[in-house]
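Okay, work-v5.cif now, which holds mmCIF, C-alpha atoms:
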data_my_file
loop_
_atom_site.label_atom_id
_atom_site.label_comp_id
_atom_site.auth_asym_id
_atom_site.auth_seq_id
_atom_site.Cartn_x
_atom_site.Cartn_y
_atom_site.Cartn_z
CA MET A 1 0.00 0.00 0.00
CA ASP A 2 1.55 3.26 -1.12
CA SER A 3 0.65 6.35 0.84
CA SER A 4 1.99 9.85 0.92
CA ILE A 5 0.85 10.40 4.47
CA PRO A 6 3.61 10.28 7.08
CA ILE A 7 3.05 8.18 10.15
CA ASN A 8 6.11 9.14 12.20
CA ARG A 9 4.73 10.64 15.34
CA ARG A 10 6.66 10.61 18.57
CA HIS A 11 9.96 10.13 20.40
CA LYS A 12 10.58 7.43 22.94
CA ALA A 13 13.47 7.03 25.35
CA VAL A 14 15.78 4.20 24.38
CA GLY A 15 18.24 2.75 26.85
CA ALA A 16 21.16 0.41 26.49
CA LEU A 17 20.69 -3.33 26.40
CA GLY A 18 21.49 -5.33 29.51
CA HIS A 19 23.55 -8.53 29.53
CA ASP A 20 23.01 -11.60 31.63
CA SER A 21 25.94 -12.89 33.61
CA GLY A 22 24.01 -14.90 36.17
CA HIS A 23 23.67 -18.28 34.49
CA ASP A 24 23.72 -20.83 37.29
CA GLY A 25 24.40 -23.89 35.14
CA SER A 26 21.01 -25.48 35.77
CA TYR A 27 20.16 -25.24 32.06
CA PRO A 28 22.39 -25.92 29.06
CA PRO A 29 24.58 -22.96 28.12
CA ARG A 30 23.20 -23.09 24.59
CA MET A 31 19.92 -21.72 25.92
CA ARG A 32 21.60 -18.47 26.96
CA ARG A 33 21.25 -15.41 24.77
CA GLU A 34 23.89 -12.81 24.13
CA ILE A 35 21.23 -10.15 24.64
CA VAL A 36 18.80 -10.85 27.43
CA VAL A 37 15.41 -9.25 26.92
CA PRO A 38 12.71 -9.39 29.58
CA PRO A 39 10.24 -11.60 27.72
CA SER A 40 6.70 -10.48 27.18
CA GLY A 41 5.44 -13.85 28.28
CA MET A 42 4.55 -15.61 31.48
CA HIS A 43 7.98 -15.60 33.13
CA ARG A 44 8.58 -11.87 33.09
CA THR A 45 9.14 -10.91 36.71
CA THR A 46 9.83 -7.73 38.61
CA GLU A 47 13.34 -8.97 39.32
CA ALA A 48 14.00 -9.64 35.64
CA ALA A 49 12.63 -6.26 34.67
CA GLY A 50 14.88 -4.63 37.24
CA ARG A 51 17.99 -6.05 35.59
CA SER A 52 17.08 -4.62 32.21
CA THR A 53 17.81 -1.15 30.92
CA LEU A 54 15.72 -1.41 27.80
CA ARG A 55 13.67 1.50 26.51
CA ALA A 56 10.79 2.69 28.63
CA SER A 57 7.71 0.55 28.23
CA LYS A 58 4.93 1.94 26.09
CA PRO A 59 1.33 2.14 27.25
CA ALA A 60 -0.51 -1.14 26.77
CA PHE A 61 -3.27 -0.76 24.21
CA ARG A 62 -4.57 -4.25 25.03
CA THR A 63 -5.27 -5.75 28.44
CA THR A 64 -3.59 -9.07 27.57
CA LYS A 65 -0.21 -7.32 27.80
CA THR A 66 -0.72 -6.88 31.52
CA SER A 67 -3.24 -9.57 32.46
CA GLN A 68 -2.94 -13.35 32.37
CA LYS A 69 -5.36 -14.63 29.76
CA LEU A 70 -5.49 -18.04 28.12
CA LYS A 71 -6.93 -18.57 24.65
CA ILE A 72 -7.28 -22.11 23.31
CA LEU A 73 -6.53 -22.07 19.58
CA PRO A 74 -8.64 -24.14 17.20
CA GLU A 75 -7.17 -26.91 15.12
CA GLU A 76 -7.35 -26.54 11.35
CA ASP A 77 -10.64 -28.44 11.25
CA GLY A 78 -11.95 -27.01 14.51
CA GLY A 79 -14.27 -24.25 15.52
CA PRO A 80 -13.52 -21.00 17.30
CA GLY A 81 -11.05 -20.80 20.16
CA THR A 82 -11.95 -21.12 23.80
CA ASP A 83 -11.24 -18.73 26.65
CA VAL A 84 -9.59 -19.78 29.90
CA ASP A 85 -12.77 -19.78 32.01
CA GLU A 86 -14.42 -22.26 29.66
CA TYR A 87 -11.28 -24.32 29.31
CA LEU A 88 -10.78 -24.73 33.04
CA GLY A 89 -14.49 -25.18 33.74
CA LEU A 90 -14.18 -28.96 34.30
CA THR A 91 -17.84 -29.51 33.39
CA GLY A 92 -18.81 -30.51 29.90
CA VAL A 93 -15.82 -28.87 28.29
CA TYR A 94 -14.55 -30.10 24.89
CA ASP A 95 -12.19 -33.00 24.48
CA GLN A 96 -9.44 -30.37 24.79
CA VAL A 97 -9.31 -31.05 28.53
CA GLU A 98 -8.47 -34.65 27.74
CA HIS A 99 -5.65 -33.45 25.50
CA MET A 100 -4.18 -31.59 28.48
CA ARG A 101 -4.95 -34.39 30.97
CA GLY A 102 -7.15 -32.02 32.93
CA ALA A 103 -6.93 -28.49 34.21
CA GLN A 104 -4.31 -29.41 36.79
CA GLY A 105 -2.02 -30.59 34.00
CA LEU A 106 -2.35 -27.19 32.37
CA ARG A 107 -1.43 -25.44 35.59
CA ASP A 108 1.57 -27.74 36.06
CA GLU A 109 2.81 -26.96 32.56
CA ILE A 110 2.41 -23.23 33.11
CA ASN A 111 4.32 -23.45 36.40
CA ARG A 112 7.03 -25.43 34.62
CA LEU A 113 7.45 -22.65 32.07
CA LYS A 114 7.49 -20.01 34.78
CA SER A 115 10.53 -21.69 36.31
CA LEU A 116 12.59 -21.29 33.13
CA PRO A 117 15.21 -18.52 33.02
CA PRO A 118 14.08 -15.29 31.30
CA GLY A 119 14.81 -15.45 27.59
CA SER A 120 14.66 -19.25 27.34
CA LEU A 121 11.74 -19.36 24.93
CA PRO A 122 12.22 -18.37 21.26
CA ARG A 123 10.75 -15.04 20.25
CA VAL A 124 7.86 -14.04 18.00
CA THR A 125 8.30 -10.34 17.28
CA ALA A 126 6.45 -7.97 14.96
CA TYR A 127 7.80 -4.59 13.83
CA ALA A 128 5.85 -1.84 12.06
CA THR A 129 8.77 -0.22 10.25
CA ALA A 130 7.26 1.55 7.24
CA SER A 131 4.11 2.58 5.41
CA SER A 132 4.71 -0.27 2.94
CA TYR A 133 7.42 -2.45 1.36
CA THR A 134 8.44 -2.73 -2.27
CA MET A 135 7.32 -6.34 -2.46
CA THR A 136 8.68 -7.20 -5.93
CA GLN A 137 12.23 -6.08 -5.14
CA LEU A 138 11.98 -7.61 -1.67
CA PHE A 139 10.98 -10.98 -3.08
CA LYS A 140 13.93 -10.94 -5.52
CA TRP A 141 16.29 -10.04 -2.67
CA MET A 142 14.98 -12.91 -0.56
CA GLU A 143 15.59 -15.29 -3.47
CA SER A 144 19.17 -14.02 -3.78
CA ARG A 145 19.88 -14.91 -0.12
CA LYS A 146 19.18 -18.63 -0.51
CA GLY A 147 22.82 -19.67 -0.20
CA GLN A 148 23.64 -17.26 2.61
CA ASN A 149 20.51 -17.48 4.77
CA ASP A 150 18.75 -20.63 3.53
CA THR A 151 15.78 -18.65 2.19
CA ALA A 152 12.88 -20.11 0.22
CA PRO A 153 10.45 -17.22 -0.31
CA LYS A 154 6.79 -17.72 -1.14
CA LEU A 155 4.31 -14.99 -2.07
CA LEU A 156 1.07 -15.55 -0.18
CA ASP A 157 -1.24 -12.75 -1.35
CA GLU A 158 -0.15 -9.67 0.61
CA CYS A 159 2.61 -11.51 2.48
CA ILE A 160 6.08 -12.84 1.65
CA TYR A 161 7.05 -15.88 3.72
CA SER A 162 10.52 -17.35 3.95
CA PRO A 163 12.91 -19.07 6.31
CA PHE A 164 15.77 -16.72 7.12
CA VAL A 165 18.60 -18.32 9.06
CA TYR A 166 21.51 -16.45 10.62
CA GLY A 167 22.54 -19.37 12.80
CA PRO A 168 21.19 -22.52 14.46
CA SER A 169 18.16 -22.03 16.71
CA GLU A 170 16.33 -24.23 19.17
CA ALA A 171 12.88 -24.27 20.69
CA ILE A 172 11.80 -25.83 23.95
CA ALA A 173 9.50 -28.82 23.57
CA ILE A 174 7.38 -29.70 26.60
CA ASN A 175 6.96 -33.45 27.00
CA MET A 176 4.43 -35.18 29.23
CA GLU A 177 4.26 -38.68 30.62
CA GLU A 178 1.96 -40.48 33.03
CA ASP A 179 3.03 -40.58 36.67
CA LEU A 180 3.13 -44.35 37.26
CA ILE A 181 3.17 -43.86 41.03
CA ASP A 182 -0.03 -41.80 41.18
CA THR A 183 -2.10 -43.35 38.41
CA GLU A 184 -5.46 -42.84 40.13
CA ALA A 185 -5.05 -39.06 40.17
CA HIS A 186 -4.09 -39.06 36.48
CA ALA A 187 -0.98 -37.10 37.42
CA VAL A 188 1.39 -36.04 34.69
CA LYS A 189 5.12 -35.38 34.78
CA PHE A 190 6.59 -32.64 32.61
CA TYR A 191 10.08 -32.34 31.23
CA GLU A 192 11.54 -30.25 28.43
CA SER A 193 13.78 -31.09 25.52
CA TYR A 194 15.23 -28.99 22.72
CA VAL A 195 14.29 -29.26 19.07
CA PRO A 196 16.08 -27.49 16.20
CA ILE A 197 14.07 -24.85 14.36
CA LYS A 198 14.60 -22.49 11.46
CA SER A 199 13.94 -18.83 12.04
CA GLU A 200 11.20 -17.54 9.72
CA VAL A 201 9.94 -14.15 8.54
CA PHE A 202 6.55 -12.97 7.32
CA LEU A 203 6.66 -9.62 5.50
CA PHE A 204 3.35 -7.82 4.94
CA ASP A 205 2.89 -5.22 2.23
CA TYR A 206 1.57 -2.63 4.69
CA GLY A 207 4.99 -2.27 6.33
CA VAL A 208 4.99 -4.89 9.10
CA VAL A 209 7.37 -7.84 9.50
CA VAL A 210 6.76 -10.76 11.88
CA VAL A 211 9.87 -12.73 12.87
CA TRP A 212 9.80 -16.21 14.40
CA GLY A 213 12.74 -17.78 16.23
CA MET A 214 15.46 -15.11 15.93
CA THR A 215 17.41 -13.55 18.76
CA GLU A 216 16.92 -9.82 19.17
CA GLN A 217 20.42 -9.25 17.84
CA HIS A 218 19.56 -11.08 14.62
CA GLU A 219 16.22 -9.28 14.42
CA ARG A 220 18.01 -5.93 14.47
CA GLU A 221 20.40 -7.14 11.77
CA PHE A 222 17.47 -8.24 9.61
CA LEU A 223 15.69 -4.90 10.09
CA ARG A 224 18.82 -3.07 8.92
CA GLU A 225 18.88 -5.17 5.76
CA LEU A 226 15.16 -4.50 5.25
CA GLU A 227 15.55 -0.70 5.23
CA SER A 228 16.30 -0.43 1.50
CA PHE A 229 12.86 -1.90 0.68
CA GLU A 230 10.84 0.38 2.96
CA VAL A 231 8.49 3.07 1.65
CA GLU A 232 8.06 6.00 4.05
CA LYS A 233 10.23 4.53 6.75
CA VAL A 234 9.07 5.02 10.32
CA ASP A 235 11.59 6.75 12.59
CA GLU A 236 13.40 4.25 14.78
CA ASP A 237 11.94 5.77 17.94
CA ASP A 238 8.42 5.45 16.48
CA ILE A 239 8.55 1.78 15.50
CA GLU A 240 5.76 -0.21 17.17
CA THR A 241 6.44 -3.79 18.23
CA GLU A 242 4.56 -6.82 19.51
CA GLU A 243 6.75 -9.24 21.47
CA LEU A 244 5.57 -12.80 22.13
CA GLU A 245 7.24 -16.18 22.61
CA PHE A 246 6.49 -19.76 21.66
CA TYR A 247 7.30 -23.36 22.52
CA ILE A 248 6.30 -26.82 21.34
CA ASN A 249 3.86 -29.22 23.03
CA SER A 250 2.78 -31.98 20.67
CA LYS A 251 0.46 -33.54 23.27
CA ALA A 252 -1.72 -30.49 23.87
CA GLN A 253 -3.97 -28.30 21.78
CA SER A 254 -2.34 -25.10 20.58
CA ARG A 255 -3.04 -22.08 22.75
CA ILE A 256 -1.74 -18.67 23.75
CA TYR A 257 -1.31 -17.66 27.37
CA ASN A 258 0.12 -14.35 28.57
CA ASP A 259 1.77 -13.75 25.17
CA VAL A 260 3.31 -17.24 25.04
CA ILE A 261 2.13 -19.41 22.13
CA SER A 262 2.07 -23.20 22.41
CA LEU A 263 2.34 -25.01 19.07
CA ARG A 264 1.85 -28.71 18.40
CA THR A 265 4.59 -28.88 15.77
CA THR A 266 7.34 -26.83 14.19
CA LYS A 267 6.58 -28.19 10.73
CA GLY A 268 4.59 -26.19 8.22
CA HIS A 269 4.20 -22.44 7.97
CA MET A 270 0.49 -21.96 7.28
CA ALA A 271 -0.56 -21.96 10.93
CA LYS A 272 2.20 -19.45 11.68
CA LEU A 273 0.94 -17.39 8.73
CA ALA A 274 -2.54 -17.18 10.26
CA ILE A 275 -1.08 -16.19 13.63
CA SER A 276 1.30 -13.69 12.00
CA HIS A 277 -1.55 -12.00 10.11
CA ALA A 278 -3.29 -11.18 13.39
CA ILE A 279 -0.07 -10.10 15.13
CA ALA A 280 0.88 -7.84 12.19
CA GLN A 281 -2.54 -6.19 12.19
CA ALA A 282 -2.35 -5.61 15.95
CA THR A 283 1.08 -4.01 15.55
CA LYS A 284 -0.11 -1.66 12.80
CA LEU A 285 -3.16 -0.83 14.88
CA SER A 286 -0.91 0.11 17.83
CA LEU A 287 0.84 2.65 15.61
CA TYR A 288 -2.41 4.42 14.82
CA GLU A 289 -3.77 4.11 18.34
CA GLY A 290 -0.77 6.10 19.55
CA LEU A 291 -1.28 8.60 16.76
CA VAL A 292 -4.95 9.10 17.68
CA ASP A 293 -4.13 9.47 21.38
CA GLU A 294 -1.44 12.06 20.71
CA THR A 295 -3.69 13.98 18.33
CA ILE A 296 -6.39 14.20 20.98
CA GLU A 297 -3.84 15.23 23.60
CA ALA A 298 -2.39 17.89 21.29
CA THR A 299 -5.81 19.43 20.52
CA ARG A 300 -7.61 19.13 23.85
CA TYR A 301 -6.70 22.74 24.73
CA ILE A 302 -8.83 24.09 21.86
CA PRO A 303 -12.30 23.36 23.33
CA GLN A 304 -11.00 24.35 26.78
CA ARG A 305 -9.99 27.80 25.52
CA MET A 306 -13.26 28.14 23.64
CA ALA A 307 -15.15 27.45 26.87
CA GLU A 308 -13.06 30.06 28.73
CA SER A 309 -12.84 32.85 26.14
CA GLY A 310 -15.72 32.13 23.78
CA THR A 311 -13.45 32.04 20.73
CA VAL A 312 -10.61 30.09 19.19
CA GLU A 313 -7.44 32.07 19.85
CA MET A 314 -5.70 31.04 16.64
CA THR A 315 -4.75 32.85 13.48
CA ARG A 316 -6.44 31.88 10.24
CA LYS A 317 -3.20 30.25 9.04
CA GLY A 318 -2.78 28.30 12.29
CA LEU A 319 -6.41 27.21 12.14
CA ILE A 320 -6.03 25.91 8.58
CA LYS A 321 -2.87 24.00 9.57
CA LYS A 322 -4.68 22.38 12.50
CA ILE A 323 -7.60 21.39 10.24
CA GLY A 324 -5.10 19.84 7.83
CA GLN A 325 -3.50 17.82 10.62
CA LEU A 326 -6.86 16.51 11.81
CA PHE A 327 -7.86 15.61 8.25
CA ILE A 328 -4.61 13.64 7.80
CA MET A 329 -5.47 11.81 11.00
CA ARG A 330 -8.85 10.77 9.62
CA VAL A 331 -7.31 9.59 6.34
CA ASN A 332 -4.73 7.52 8.25
CA VAL A 333 -7.46 5.82 10.26
CA ASN A 334 -9.37 5.01 7.08
CA LEU A 335 -6.21 3.42 5.70
CA VAL A 336 -5.68 1.25 8.77
CA SER A 337 -9.35 0.22 8.67
CA ASN A 338 -8.70 -1.35 5.25
CA ILE A 339 -5.59 -3.10 6.61
CA LEU A 340 -7.59 -4.62 9.47
CA ASP A 341 -10.05 -6.39 7.16
CA THR A 342 -9.90 -10.19 7.04
CA PRO A 343 -7.00 -11.11 4.70
CA GLU A 344 -7.99 -12.50 1.32
CA ILE A 345 -5.90 -15.65 1.78
CA PHE A 346 -8.54 -17.03 4.12
CA TRP A 347 -10.94 -17.24 1.20
CA SER A 348 -8.64 -19.84 -0.35
CA GLU A 349 -7.58 -21.32 3.02
CA PRO A 350 -10.81 -21.27 5.06
CA THR A 351 -9.54 -23.84 7.57
CA LEU A 352 -7.00 -21.27 8.84
CA GLN A 353 -9.54 -18.52 9.50
CA PRO A 354 -10.66 -19.81 12.95
CA LEU A 355 -7.04 -19.75 14.11
CA TYR A 356 -6.61 -16.21 12.77
CA MET A 357 -9.83 -15.09 14.45
CA ALA A 358 -8.78 -16.65 17.78
CA ILE A 359 -5.47 -14.74 17.82
CA ARG A 360 -7.31 -11.62 16.68
CA GLU A 361 -9.65 -11.95 19.66
CA TYR A 362 -6.76 -12.57 22.04
CA LEU A 363 -5.06 -9.38 20.81
CA GLU A 364 -8.41 -7.59 21.31
CA ILE A 365 -8.37 -6.10 17.81
CA PRO A 366 -12.18 -5.72 17.47
CA GLN A 367 -12.50 -3.92 20.81
CA ARG A 368 -9.48 -1.71 20.12
CA VAL A 369 -10.84 -0.74 16.68
CA GLU A 370 -14.16 0.21 18.24
CA ILE A 371 -12.43 2.37 20.86
CA MET A 372 -10.21 3.99 18.23
CA ASN A 373 -13.20 4.76 16.00
CA HIS A 374 -14.92 6.40 18.97
CA ARG A 375 -11.85 8.55 19.60
CA VAL A 376 -11.66 9.44 15.92
CA SER A 377 -15.29 10.57 16.10
CA VAL A 378 -14.18 13.04 18.79
CA ILE A 379 -11.50 14.29 16.41
CA SER A 380 -14.10 14.52 13.62
CA ASP A 381 -16.38 16.60 15.85
CA LEU A 382 -13.48 18.92 16.61
CA LEU A 383 -12.67 19.12 12.90
CA ASP A 384 -16.26 20.05 12.09
CA MET A 385 -16.23 22.66 14.83
CA LEU A 386 -13.01 24.22 13.54
CA ASN A 387 -14.36 24.20 9.99
CA GLY A 388 -17.47 25.98 11.21
CA HIS A 389 -15.36 28.50 13.10
CA LEU A 390 -13.17 29.05 10.03
CA ASN A 391 -16.25 29.63 7.86
CA GLY A 392 -17.57 32.02 10.50
CA MET A 393 -14.27 33.90 10.51
CA HIS A 394 -14.40 34.14 6.72
CA GLY A 395 -18.00 35.35 6.79
CA GLU A 396 -17.13 37.92 9.46
CA PHE A 397 -14.16 39.07 7.37
CA LEU A 398 -16.41 39.57 4.34
CA GLU A 399 -18.94 41.46 6.45
CA TRP A 400 -16.22 43.84 7.63
CA ILE A 401 -15.12 44.40 4.03
CA VAL A 402 -18.70 45.30 3.09
CA ILE A 403 -18.98 47.64 6.09
CA ILE A 404 -15.67 49.33 5.22
CA LEU A 405 -16.70 49.72 1.57
CA ILE A 406 -20.01 51.25 2.62
CA GLY A 407 -18.15 53.58 4.98
CA VAL A 408 -15.74 54.60 2.22
CA GLU A 409 -18.67 55.20 -0.14
CA ILE A 410 -20.37 57.37 2.48
CA VAL A 411 -17.19 59.37 3.02
CA ILE A 412 -16.75 59.82 -0.74
CA GLY A 413 -20.41 60.88 -1.02
CA VAL A 414 -20.06 63.42 1.80
CA VAL A 415 -16.88 64.85 0.27
CA THR A 416 -18.51 65.04 -3.16
CA ILE A 417 -21.58 66.82 -1.78
CA THR A 418 -19.38 69.22 0.19
CA VAL A 419 -17.30 70.07 -2.88
CA GLU A 420 -20.39 70.60 -5.05
CA ALA A 421 -21.96 72.82 -2.38
CA ALA A 422 -18.77 74.88 -2.18
CA LYS A 423 -18.78 75.41 -5.96
CA LEU A 424 -22.38 76.57 -5.93
CA SER A 425 -21.68 79.05 -3.16
CA TYR A 426 -19.12 80.78 -5.35
#

Rewrite the coordinates I just gave you, this time as structure tokens.
Amino acid sequence: MDSSIPINRRHKAVGALGHDSGHDGSYPPRMRREIVVPPSGMHRTTEAAGRSTLRASKPAFRTTKTSQKLKILPEEDGGPGTDVDEYLGLTGVYDQVEHMRGAQGLRDEINRLKSLPPGSLPRVTAYATASSYTMTQLFKWMESRKGQNDTAPKLLDECIYSPFVYGPSEAIAINMEEDLIDTEAHAVKFYESYVPIKSEVFLFDYGVVVVWGMTEQHEREFLRELESFEVEKVDEDDIETEELEFYINSKAQSRIYNDVISLRTTKGHMAKLAISHAIAQATKLSLYEGLVDETIEATRYIPQRMAESGTVEMTRKGLIKKIGQLFIMRVNVNLVSNILDTPEIFWSEPTLQPLYMAIREYLEIPQRVEIMNHRVSVISDLLDMLNGHLNGMHGEFLEWIVIILIGVEIVIGVVTITVEAAKLSY
């Protein structure tokens, strides 16, 4: 999507990255990362956050960034996903409970993951870096990197998918086995193993890339290489991100809990494509949510001053500039509304749509769009008010011109009459 409307909007404080030197040897050294990032998932703790000097956190536009919510993801032939309350209800719930060996098994698995060191799980990260990408040139570039990065690009409607490998990667696989000692309670023992994975990228034509399985260091390297294909690049301080994590559990139904995605297999990319579509849309939406909020904050003084003074204390030029800014805001929101429509690929791959819709619900996209549209309506009301005030100013200006012309005509008439009277007197 090509657009001439800039979307750079704000500056954010960026700190230096912190490094982890506290590995206690309880997990294999290969699980350590050179750059330790407090994960967005279930094992982010206050202590872990205290060790990091990453950039200041941005306001959460969705509650699932700060609350612990579980969403059961449908299988390819399944129906819609299930929320945590239904899943843990223990009464007449789907066969999904049997997959997890009961609600207690789910809690045990979650507790197992909580005990892992921060940064153990592979990342799923989305970046909104531009207004759009030059997809044709980008696809050719991906093809040219086959020998260097093991790429195999595929064009899937508005998305380019490809593996993109900088180095070997591993994912944690949760394994379950029956507790032979406590068979009556159907207890389950959990242990983790490591499976090799290929890092993958999904590039969307509206300027968002979703990266699976890379370290943050490699993600930054990839983003630098991506810059030459960006149209209307977003300033680095304005780039919106969504940070999640994933692991493998072949014995349980796929789900997402507290920004950690559980997958049944690492094979195949179509399920990841459905998930990535929703994550990319949520990331682009975050960009415009921030833009709407800042626009409202920057213009809230206008109605306040009108209430105090009875007029808008702005020059005509300043008023026109403000109207232009608000109009750009409305156009931007219309653009993102088109982006947030259901992707066309789900017409040809209908079995993936329930999975896409489940992630979309988890990321609260419908609710966030409704809230954003309500805030845009406030901006539209302000725009209408300023337009009315501008028209009133123009009408008042014309009235003063008419009054001045009438006054000049009266003066000329008086002078003419006076001169004629003087001539007659002589």

Please produce, as a tab-separated table, a per-residue contact table for range 165-270 of chain A versus range 131-139 of chain A (criterion: any atom at most 6 Å away, only C-alpha atoms considered), showing the nearest atom pair and its distance in Å to one decimal, sorted by chain then residue number.
residue	atom	partner	partner_atom	distance
A:Asp205	CA	A:Ser132	CA	5.3
A:Tyr206	CA	A:Ser132	CA	4.3
A:Gly207	CA	A:Ser132	CA	3.9
A:Phe229	CA	A:Thr134	CA	5.4
A:Glu230	CA	A:Tyr133	CA	4.7
A:Val231	CA	A:Ser132	CA	5.2
A:Glu232	CA	A:Ser131	CA	5.4

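For the residues A:Thr151, A:Asn387, A:Asn258, A:Ser169, ranking by smallest atom-to-atom distance to Thr215 in chain A using all atoms listed in the file places A:Ser169 first.
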
Note to self: For a test of reading the model, state the distance in Å between CA of Ser262 in chain A and CA of Glu289 in chain A, rounded to one decimal.
What the structure shows: 28.2 Å

Next item on the list: Check the smallest atom-to-atom distance from each of A:Gly318, A:Val419, A:Tyr288, A:Leu73 to Leu263 in chain A using only C-alpha atoms, then report the winner.
Entry: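 Of all the options, A:Leu73 lies closest to Leu263 in chain A.
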
Please enumerate the residues selected by the PyMOL selection byres ((chain A and resi 267) around 12) when evaluated against the supplied file, formatted as an mmCIF file with C-alpha atoms, in the frame of the given file.
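What follows is the written file out.cif:
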data_model
loop_
_atom_site.group_PDB
_atom_site.id
_atom_site.type_symbol
_atom_site.label_atom_id
_atom_site.label_comp_id
_atom_site.auth_asym_id
_atom_site.auth_seq_id
_atom_site.Cartn_x
_atom_site.Cartn_y
_atom_site.Cartn_z
ATOM 1 C CA PRO A 163 12.910 -19.070 6.310
ATOM 2 C CA VAL A 195 14.290 -29.260 19.070
ATOM 3 C CA PRO A 196 16.080 -27.490 16.200
ATOM 4 C CA ILE A 197 14.070 -24.850 14.360
ATOM 5 C CA LYS A 198 14.600 -22.490 11.460
ATOM 6 C CA SER A 199 13.940 -18.830 12.040
ATOM 7 C CA GLU A 200 11.200 -17.540 9.720
ATOM 8 C CA ILE A 248 6.300 -26.820 21.340
ATOM 9 C CA SER A 250 2.780 -31.980 20.670
ATOM 10 C CA LEU A 263 2.340 -25.010 19.070
ATOM 11 C CA ARG A 264 1.850 -28.710 18.400
ATOM 12 C CA THR A 265 4.590 -28.880 15.770
ATOM 13 C CA THR A 266 7.340 -26.830 14.190
ATOM 14 C CA GLY A 268 4.590 -26.190 8.220
ATOM 15 C CA HIS A 269 4.200 -22.440 7.970
ATOM 16 C CA MET A 270 0.490 -21.960 7.280
ATOM 17 C CA ALA A 271 -0.560 -21.960 10.930
ATOM 18 C CA LYS A 272 2.200 -19.450 11.680
#

Next item on the list: Measure the distance from CA of Asn111 in chain A to CA of Tyr191 in chain A in Å and round it to one decimal.
Entry: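 Value for the CA of Asn111 in chain A-CA of Tyr191 in chain A distance: 11.8 Å.
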
Margin query: As an exercise, work out the distance from CA of Ile172 in chain A to CA of Phe222 in chain A in Å and give it to one decimal place.
Written below: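 If I compute the distance from CA of Ile172 in chain A to CA of Phe222 in chain A, I get 23.4 Å.
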
List the neighbours of Ser193 in chain A out to 10 Å using all atoms listed in the file; skip same-chain residues closer than 5 positions along the sequence, and give me the result as a PDB file with C-alpha atoms, keeping the file's coordinate frame.
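Output file around-v9.pdb is given in full below:
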ATOM      1  CA  GLU A 170      16.330 -24.230  19.170  1.00  0.00           C
ATOM      2  CA  ALA A 171      12.880 -24.270  20.690  1.00  0.00           C
ATOM      3  CA  ILE A 172      11.800 -25.830  23.950  1.00  0.00           C
ATOM      4  CA  ALA A 173       9.500 -28.820  23.570  1.00  0.00           C
ATOM      5  CA  ILE A 174       7.380 -29.700  26.600  1.00  0.00           C
ATOM      6  CA  ASN A 175       6.960 -33.450  27.000  1.00  0.00           C
ATOM      7  CA  ILE A 248       6.300 -26.820  21.340  1.00  0.00           C
TER       8      ILE A 248
END

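Residue nearest Arg62 in chain A within the list A:Glu294, A:Asp238, A:Asp259, A:Glu158: A:Asp259 [criterion: smallest interatomic distance, all atoms listed in the file].
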
Checklist line | From A:Leu287, A:Val210, A:Ile339, A:Ile379, residue lying nearest Phe327 in chain A [all atoms listed in the file] | finding: A:Ile379

Next item on the list: For the structure shown, which residues end up in the PyMOL selection byres ((chain A and resi 369) around 10)? Put them as a count of residues only, please?
Entry: 18

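The nearest approach to Glu344 in chain A among the residues A:Ala274, A:Met393, A:Leu223, A:Ala152, with all atoms listed in the file taken into account, belongs to A:Ala274.
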
Check: List as a PyMOL selection string: which residues have an atom within 12 Å of (15.4, -15.5, -2.1), counting only C-alpha atoms?
Finding: chain A and resi 136-155+160-165

Tell me which protein, DNA and RNA residues are within 12 Å of range 301-317 of chain A, counting only C-alpha atoms, leaving out same-chain ones fewer than 6 positions away, and put them as a short mmCIF file (atom, residue, chain, number, x, y, z; two decimals) with C-alpha atoms, keeping the file's coordinate frame.
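Output file around.cif is given in full below:
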data_model
loop_
_atom_site.label_atom_id
_atom_site.label_comp_id
_atom_site.auth_asym_id
_atom_site.auth_seq_id
_atom_site.Cartn_x
_atom_site.Cartn_y
_atom_site.Cartn_z
CA THR A 295 -3.69 13.98 18.33
CA ILE A 323 -7.60 21.39 10.24
CA GLY A 324 -5.10 19.84 7.83
CA VAL A 378 -14.18 13.04 18.79
CA ILE A 379 -11.50 14.29 16.41
CA ASP A 381 -16.38 16.60 15.85
CA LEU A 382 -13.48 18.92 16.61
CA LEU A 383 -12.67 19.12 12.90
CA MET A 385 -16.23 22.66 14.83
CA LEU A 386 -13.01 24.22 13.54
CA ASN A 387 -14.36 24.20 9.99
CA GLY A 388 -17.47 25.98 11.21
CA HIS A 389 -15.36 28.50 13.10
CA LEU A 390 -13.17 29.05 10.03
CA ASN A 391 -16.25 29.63 7.86
CA GLY A 392 -17.57 32.02 10.50
CA MET A 393 -14.27 33.90 10.51
CA HIS A 394 -14.40 34.14 6.72
CA PHE A 397 -14.16 39.07 7.37
#

Check: Which residue gives the smallest distance to Ser377 in chain A among A:Ala130, A:Ile256, A:Ile406, A:Leu326, with only C-alpha atoms counted?
Finding: A:Leu326
